[in-house]
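Below you'll find the structure, written out as structure tokens, and then a few comments.
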Amino acid sequence: MTAHDQMRAMLDQLMGTGRNGENNKFHVRFNDPKVCKSFLLSCCPHEILSSTRMDLGECPKIHDLALRADFEKAQASKDYFYDLDAMEHLQAFIGDCDRRTEAAKQRLAETQEELSAEVAVKANNVHELAEQIGQKLAKAEQLGEEGFVEESMKLMEEVDELRKKKLEAEQEYRNSMPASSYQQQKLRVCEVCSAYLGIHDNDRRLADHFGGKLHLGFIKIREKLTELEATAEKRKEEKRKTMRDRDRDFEREERYRERHREQYVGGRELDRRSKRHRSKSRDRHRHGDRDKDRDNRSRSYRSRSRSRDRDRRSHSRHSSSSDKKRDRD
């Protein structure tokens, strides 16, 4: 990764997908099902165990530092309960690793020479002391690199004491079995990361193992799983309560919308009826006015007709009286 890419990743991690108004390269939000919820909580095995002997390859879901920053910002105002999704993911992964560990133990039991109960106890004692030396030595080196010199020196003193105990345990183990059998490498499976450890491994080899990325990665995963499982029941109950509240709110909103819709539809129907009534009233008034005009025209016509008839009769009487007068003359 170039320096430019590293700076870009740091900005994404700090500011999220919305920096400079741009979208993330995957064009999804952190709550999309395609986004790895374990990655958002910084515990995805694909990321933790990358570049180790048990590299799982690329995660099938999306990993993006900007989406993690968006999630952390959104989580402050709303609980998404992604810790339960991450717990299920880690449980499946650790369960598979534990099955491989048991299978490796079974293979060792079938291939290695079986030891008596007394010798097996002494061999296990040597293994346990060797593991303690390796763990403390790796921790002392880490503290020294971080600048905690005094703490590192105290751990080295404890390592020296464990080395003395280990020498005594090895001597007891050697005396309890034939020399030919003692020279054979007795392997043991690491309970944390399923790696093979030998009873004759030196301190440097053990320190490299216990301070290596693979072993520390498995420790991180197992500790995270233990932490999530400790609060799982409480978180599940909180999730159920939250979901019930959301369903109740949703039903309340649906009832409100339905009631509002009925009122709106009813109001529209009343408006329609009112408009229809007013339209009919206007039509009746219009028809009434038209009838009145027709009646008035009819009465006017009849009145004119009667007037003309009277005029004709008057004219006729006048004409007859004139004729009679003319005849007398």
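Labels for the structure tokens follow display order: chains A, B, ..., residues from 1 in each chain, ligands from 1.
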Using only C-alpha atoms, I'd like a table of the residues in region 104-196 of chain A that come within 12 Å of region 43-64 of chain A; for each, show the closest atom pair and its distance in Å rounded to one decimal, ordered by chain and ascending number, as a tab-separated table.
residue	atom	partner	partner_atom	distance
A:Cys193	CA	A:Met54	CA	9.2
A:Ser194	CA	A:Met54	CA	10.0
A:Ala195	CA	A:Arg53	CA	9.5
*as JSON, numbers by chain, which residues of region 99-259 of chain A does DSSP assign to strand (DSSP E or B)?*
{"A": [187, 188, 189, 196, 197, 198]}
Resulting file, chosen residues, C-alpha atoms, as a CSV table (one decimal), in the first residue's frame:
chain,number,residue,atom,x,y,z
A,187,LEU,CA,4.2,-33.0,20.2
A,188,ARG,CA,1.3,-31.2,21.7
A,189,VAL,CA,-1.5,-29.2,20.1
A,196,TYR,CA,1.9,-28.1,17.1
A,197,LEU,CA,4.4,-27.6,20.0
A,198,GLY,CA,7.3,-29.8,20.8
